[in-house]
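Structure first, commentary second.
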Amino acid sequence: MKYIFWLLALINIGLFGYFNIDVVLPKSAQTQQAEISPEKIKILSQQEIDAIKTTKKAEIAQPLPVVDVCFEWSVFSDTNLTNAQTALESLALQSIVKEQSTQEAKRFWVYRPPFKSSTEALKKAAELRDSGITDVFVVQEPRWKNAISFGIFSDEKLAINLQKELQAKGVKNVEKALRTQGKSYSSLLLKNLTENEIAEIKKLKPNFPAAELKEVSCDAL
């Protein structure tokens, strides 16, 4: 009886494996390869390969759309507007002059009056930077040559706050004044400046302390 039982069990196992062979065993490599549909494979000619390469290169080299970005460099009085235009021309930059009202042109300056020599001014500026006051530069504009500038603001309250902060840090002879004095003021409008060009304009700050470069709407041009 035992032998009959085990014989039937083996037969059942064999039948189960036969009818479920796809589950028990993975598909053979030959079966998998047959699913690739070799009749759909096409061998490209060298001319076709070259054409594909050319298309890809053209897609990569396609220029990005140009976005207009404009800047305003301001403010300038009649006396220093010409100098500012000359400085831009030396950088091969073209600008458009925009007239500004006296109210728009107001700038409040926080500064230390001029030293007797550039050596003294540069030494003091270095001392201030070492003490943690980083926003300082020595003015080269003839009228204020060797003065130390700490900041220029269109809002007088900001200028007053900076003056008090510097005095609290022990900086002596810090003054606040209306930097733009006169009747006529102008701005210079520029378009699509590169990062390098922006950096070069900012380097002109010692010669034009009251001038600030900011991004504006291109509608003004």
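Chain identifiers are assigned as A, B, and so on, following the order in which chains appear in the structure tokens; residues are numbered from 1 within each chain, and ligands are numbered from 1 in order of appearance.
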
Please build the interface table for region 88-173 of chain A against region 201-214 of chain A with a cut-off of 8 Å, listing for each qualifying residue the nearest atom pair and the distance in Å to one decimal; count only C-alpha atoms, order rows by chain and increasing number, and write it as a Markdown table.
| residue | atom | partner | partner_atom | distance |
| --- | --- | --- | --- | --- |
| A:Leu88 | CA | A:Ile201 | CA | 7.7 |
| A:Arg107 | CA | A:Ala210 | CA | 6.9 |
| A:Trp109 | CA | A:Ala210 | CA | 7.8 |
| A:Phe137 | CA | A:Pro206 | CA | 6.7 |
| A:Val138 | CA | A:Pro206 | CA | 6.2 |
| A:Val139 | CA | A:Pro206 | CA | 4.5 |
| A:Gln140 | CA | A:Asn207 | CA | 5.0 |
| A:Glu141 | CA | A:Asn207 | CA | 4.6 |
| A:Ser149 | CA | A:Pro209 | CA | 7.5 |
| A:Ile152 | CA | A:Ala210 | CA | 6.4 |

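Each of A:Ile160, A:Ala105, A:Val75, A:Cys70 was checked against Asp219 (chain A) using only C-alpha atoms; the smallest atom-to-atom distance is that of A:Cys70.
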